[in-house]
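Here's the structure, in structure tokens; my notes come after.
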Amino acid sequence: PRQFFVGGNFKMNGVTDSIKSIVSNINNSKRDPSTQVVIAPPAIYLTLTRELADSSVSVSAQNVYDKPSGAYTGELSVEQLKDTKIDWTIVGHSERRVLLREDDDFVARKTKAAIDGGLSVILCIGESLEEREAGKTIEVVTRQLGAVAKVLSKEEWSKVVIAYEPIWAIGTGKVATTTQAQEVHAAIRKWLSETISAEVADNTRIIYGGSVSEKNCRDLAKEKDIDGFLVGGASLKPAFVDIINSRL
Ligand code: 13P
């Protein structure tokens, strides 16, 4: 059985006061102990968040660089994250793929570097509206995964949580239907089984992201291939706890 996983991606939101109150709200909430909770504040608040959050809450970076150190202005290394007790990073979020032009190979290199350095990775994949309408959803997500599969060993997949985030559902209030999400999650699992191994397909969490709210999370969480969520907007609100408790 795969452990239910709920991530909160704060994106570029929050300042000291609001981050303190979001974290204290999570700390003081009644959370389903069987849900793994990981929150990803903006980089400058990672250490603050790590200091404040309960030990049962993991903290994630939103991004990391693929090189170990050096003249890479503005970037953060895997070692720096580990050094400051950060155990996770998001990689390949569509906002970075689109706005900062990160391609599949770059995302794959970051994934590999993160895992080599001892981090776990939330690997984001997902199609645009145009790609969906052209019937290319599965082709796009398996291409994105394929780049990562080229650089990871079978064992290293145990450090990856796959976040399926259709771009048209992110921040739009237009959540994928349970059928749409389940269909893609099942296709991803089948691809894992055929490309990596049946065991990796069985054990890898595939979580959904895109307009997840306290209203739609319960139905999505019932689908057999949806193992949790990556939450943007709602992770900044008390509703995040309801999403953590989707399966209660
Ligand atoms: P929203 O939940 O705000 O749609 O964002 C989803 C997302 O991109 C999480 O990484």
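Going by the structure tokens order, chains are called A, B, ..., each with residues numbered from 1, while ligands are numbered from 1 in the order shown.
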Inset, instruction - Please provide the set of residues having any atom within 7 Å of Gly7 of chain A, restricted to only C-alpha atoms, with same-chain residues fewer than 6 positions apart removed, written as number ranges by chain. - result: A: 37-39, 229-231
Expected file contents, prior selection, all heavy atoms, as a short mmCIF file (atom, residue, chain, number, x, y, z; two decimals), in the first residue's frame:
data_model
loop_
_atom_site.label_atom_id
_atom_site.label_comp_id
_atom_site.auth_asym_id
_atom_site.auth_seq_id
_atom_site.Cartn_x
_atom_site.Cartn_y
_atom_site.Cartn_z
N VAL A 37 2.96 14.51 5.02
CA VAL A 37 2.76 15.93 4.72
C VAL A 37 4.11 16.60 4.43
O VAL A 37 5.06 16.46 5.21
CB VAL A 37 2.06 16.65 5.90
CG1 VAL A 37 1.89 18.14 5.59
CG2 VAL A 37 0.73 16.00 6.22
N VAL A 38 4.18 17.30 3.31
CA VAL A 38 5.40 17.99 2.91
C VAL A 38 5.03 19.41 2.46
O VAL A 38 4.16 19.55 1.60
CB VAL A 38 6.09 17.24 1.74
CG1 VAL A 38 7.35 17.98 1.29
CG2 VAL A 38 6.44 15.80 2.13
N ILE A 39 5.66 20.41 3.05
CA ILE A 39 5.34 21.78 2.62
C ILE A 39 6.55 22.45 2.00
O ILE A 39 7.68 22.26 2.43
CB ILE A 39 4.78 22.64 3.78
CG1 ILE A 39 5.69 22.61 5.01
CG2 ILE A 39 3.35 22.21 4.12
CD1 ILE A 39 5.21 23.54 6.14
N PHE A 229 -2.01 14.57 -3.20
CA PHE A 229 -2.16 15.84 -3.93
C PHE A 229 -0.94 16.73 -3.78
O PHE A 229 -0.24 16.67 -2.77
CB PHE A 229 -3.38 16.61 -3.38
CG PHE A 229 -4.66 15.83 -3.46
CD1 PHE A 229 -5.28 15.38 -2.29
CD2 PHE A 229 -5.23 15.52 -4.68
CE1 PHE A 229 -6.46 14.64 -2.36
CE2 PHE A 229 -6.40 14.78 -4.75
CZ PHE A 229 -7.02 14.35 -3.59
N LEU A 230 -0.74 17.57 -4.79
CA LEU A 230 0.16 18.70 -4.65
C LEU A 230 -0.72 19.94 -4.76
O LEU A 230 -1.36 20.18 -5.79
CB LEU A 230 1.26 18.69 -5.73
CG LEU A 230 2.35 19.75 -5.56
CD1 LEU A 230 3.03 19.66 -4.19
CD2 LEU A 230 3.42 19.63 -6.66
N VAL A 231 -0.77 20.67 -3.66
CA VAL A 231 -1.75 21.75 -3.51
C VAL A 231 -1.06 23.10 -3.59
O VAL A 231 -0.05 23.32 -2.90
CB VAL A 231 -2.44 21.61 -2.13
CG1 VAL A 231 -3.56 22.64 -1.99
CG2 VAL A 231 -2.97 20.19 -1.92
#
Legend entry - Shell around Ile90 of chain A at 8 Å using only C-alpha atoms, local window under 4 positions removed, as a VMD selection string: chain A and resid 40 60 to 64 121 to 124
Inset, instruction - Can you tell me which residues come within 10 Å of ligand 1 when counting only C-alpha atoms and all ligand atoms, ideally as a ChimeraX atom specification? - result: /A:7-11,40,62,90,92-95,122,124,163-175,208-213,229-236
Listing only residues of segment 10-98 of chain A within 8 Å of segment 102-111 of chain A, what is the closest atom pair and its distance in Å (to one decimal) for each, using only C-alpha atoms, sorted by chain and residue number ascending, as CSV?
residue,atom,partner,partner_atom,distance
A:Val64,CA,A:Lys110,CA,6.8
A:Tyr65,CA,A:Lys110,CA,6.0
A:Asp66,CA,A:Lys110,CA,4.4
A:Val91,CA,A:Val107,CA,6.4
A:Gly92,CA,A:Val107,CA,5.4
A:Arg96,CA,A:Glu102,CA,6.0
A:Arg97,CA,A:Glu102,CA,4.3
A:Val98,CA,A:Glu102,CA,7.0
Selection: 8 Å around segment 136-139 of chain A, only C-alpha atoms, excl. self and same-chain fewer than 6 positions, as an mmCIF file with all heavy atoms, in the first residue's frame:
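The resulting selection-v4.cif:
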data_model
loop_
_atom_site.group_PDB
_atom_site.id
_atom_site.type_symbol
_atom_site.label_atom_id
_atom_site.label_comp_id
_atom_site.auth_asym_id
_atom_site.auth_seq_id
_atom_site.Cartn_x
_atom_site.Cartn_y
_atom_site.Cartn_z
ATOM 1 N N GLY A 126 2.961 17.202 -16.728
ATOM 2 C CA GLY A 126 1.591 17.571 -17.079
ATOM 3 C C GLY A 126 1.526 18.276 -18.415
ATOM 4 O O GLY A 126 2.502 18.890 -18.846
ATOM 5 N N GLU A 127 0.362 18.168 -19.033
ATOM 6 C CA GLU A 127 0.184 18.717 -20.376
ATOM 7 C C GLU A 127 -0.521 20.070 -20.356
ATOM 8 O O GLU A 127 -1.232 20.401 -19.412
ATOM 9 C CB GLU A 127 -0.628 17.716 -21.227
ATOM 10 C CG GLU A 127 -2.150 17.784 -21.069
ATOM 11 C CD GLU A 127 -2.667 17.239 -19.739
ATOM 12 O OE1 GLU A 127 -1.848 16.836 -18.892
ATOM 13 O OE2 GLU A 127 -3.910 17.249 -19.544
ATOM 14 N N VAL A 184 -5.266 9.416 -16.452
ATOM 15 C CA VAL A 184 -3.851 9.727 -16.676
ATOM 16 C C VAL A 184 -2.983 9.012 -15.629
ATOM 17 O O VAL A 184 -1.924 8.459 -15.960
ATOM 18 C CB VAL A 184 -3.605 11.250 -16.673
ATOM 19 C CG1 VAL A 184 -2.126 11.554 -16.890
ATOM 20 C CG2 VAL A 184 -4.451 11.931 -17.744
ATOM 21 N N ALA A 187 -2.511 5.526 -16.653
ATOM 22 C CA ALA A 187 -1.595 5.425 -17.807
ATOM 23 C C ALA A 187 -0.142 5.597 -17.358
ATOM 24 O O ALA A 187 0.757 4.921 -17.866
ATOM 25 C CB ALA A 187 -1.958 6.483 -18.859
ATOM 26 N N ILE A 188 0.073 6.475 -16.409
ATOM 27 C CA ILE A 188 1.435 6.669 -15.880
ATOM 28 C C ILE A 188 1.894 5.389 -15.174
ATOM 29 O O ILE A 188 3.024 4.923 -15.362
ATOM 30 C CB ILE A 188 1.479 7.874 -14.906
ATOM 31 C CG1 ILE A 188 1.243 9.185 -15.663
ATOM 32 C CG2 ILE A 188 2.805 7.913 -14.142
ATOM 33 C CD1 ILE A 188 0.986 10.397 -14.766
#
Inset, instruction - Once DSSP has gone over the backbone, tell me which residues of segment 60-209 of chain A are in strand (DSSP E or B), as a VMD selection string. - result: chain A and resid 60 to 61 88 to 91 120 to 125 160 to 164 206 to 209
Inset, instruction - Enumerate the residues of segment 88-234 of chain A with a DSSP assignment of helix (DSSP H, G or I), computed from the backbone, and present them as a PyMOL selection string. - result: chain A and resi 94-99+104-116+129-133+137-149+155-159+167-169+178-195+198-203+217-221+233-234
Inset, instruction - Tell me, as a list of chain:residue names, which residues lie within 10 Å of Ile44 of chain A, counting only C-alpha atoms; anything in the same chain fewer than 5 positions away does not count. - result: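 Using only C-alpha atoms, the neighbours found are A:Val15, A:Thr16, A:Thr49, A:Ala61.
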Got time to write the residues from that selection, C-alpha atoms, as a compact mmCIF listing (two decimals), in the first residue's frame?
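What follows is the written file result-v7.txt:
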# COMPACT_ATOMS: atom_id res chain seq x y z
CA VAL A 15 6.14 36.67 4.19
CA THR A 16 7.42 35.91 7.68
CA THR A 49 9.77 26.72 8.18
CA ALA A 61 12.41 23.33 -1.70
Per residue of segment 102-180 of chain A within 8 Å of segment 69-80 of chain A, which atom pair is closest and at what distance in Å (one decimal), using only C-alpha atoms, listed by chain and increasing number, as a Markdown table?
| residue | atom | partner | partner_atom | distance |
| --- | --- | --- | --- | --- |
| A:Ala113 | CA | A:Val78 | CA | 7.3 |
| A:Ala114 | CA | A:Val78 | CA | 5.8 |
| A:Gly117 | CA | A:Val78 | CA | 6.0 |
| A:Leu119 | CA | A:Val78 | CA | 7.4 |
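You can rank A:Arg50, A:Lys224, A:Lys67, A:Lys154 by their closest distance to Thr179 of chain A using only C-alpha atoms, and at the top of that list sits A:Lys224.
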Inset, instruction - List the neighbours of Lys222 of chain A out to 12 Å using only C-alpha atoms; skip same-chain residues closer than 2 positions along the sequence, and give me the result as a count of residues only. - result: 18
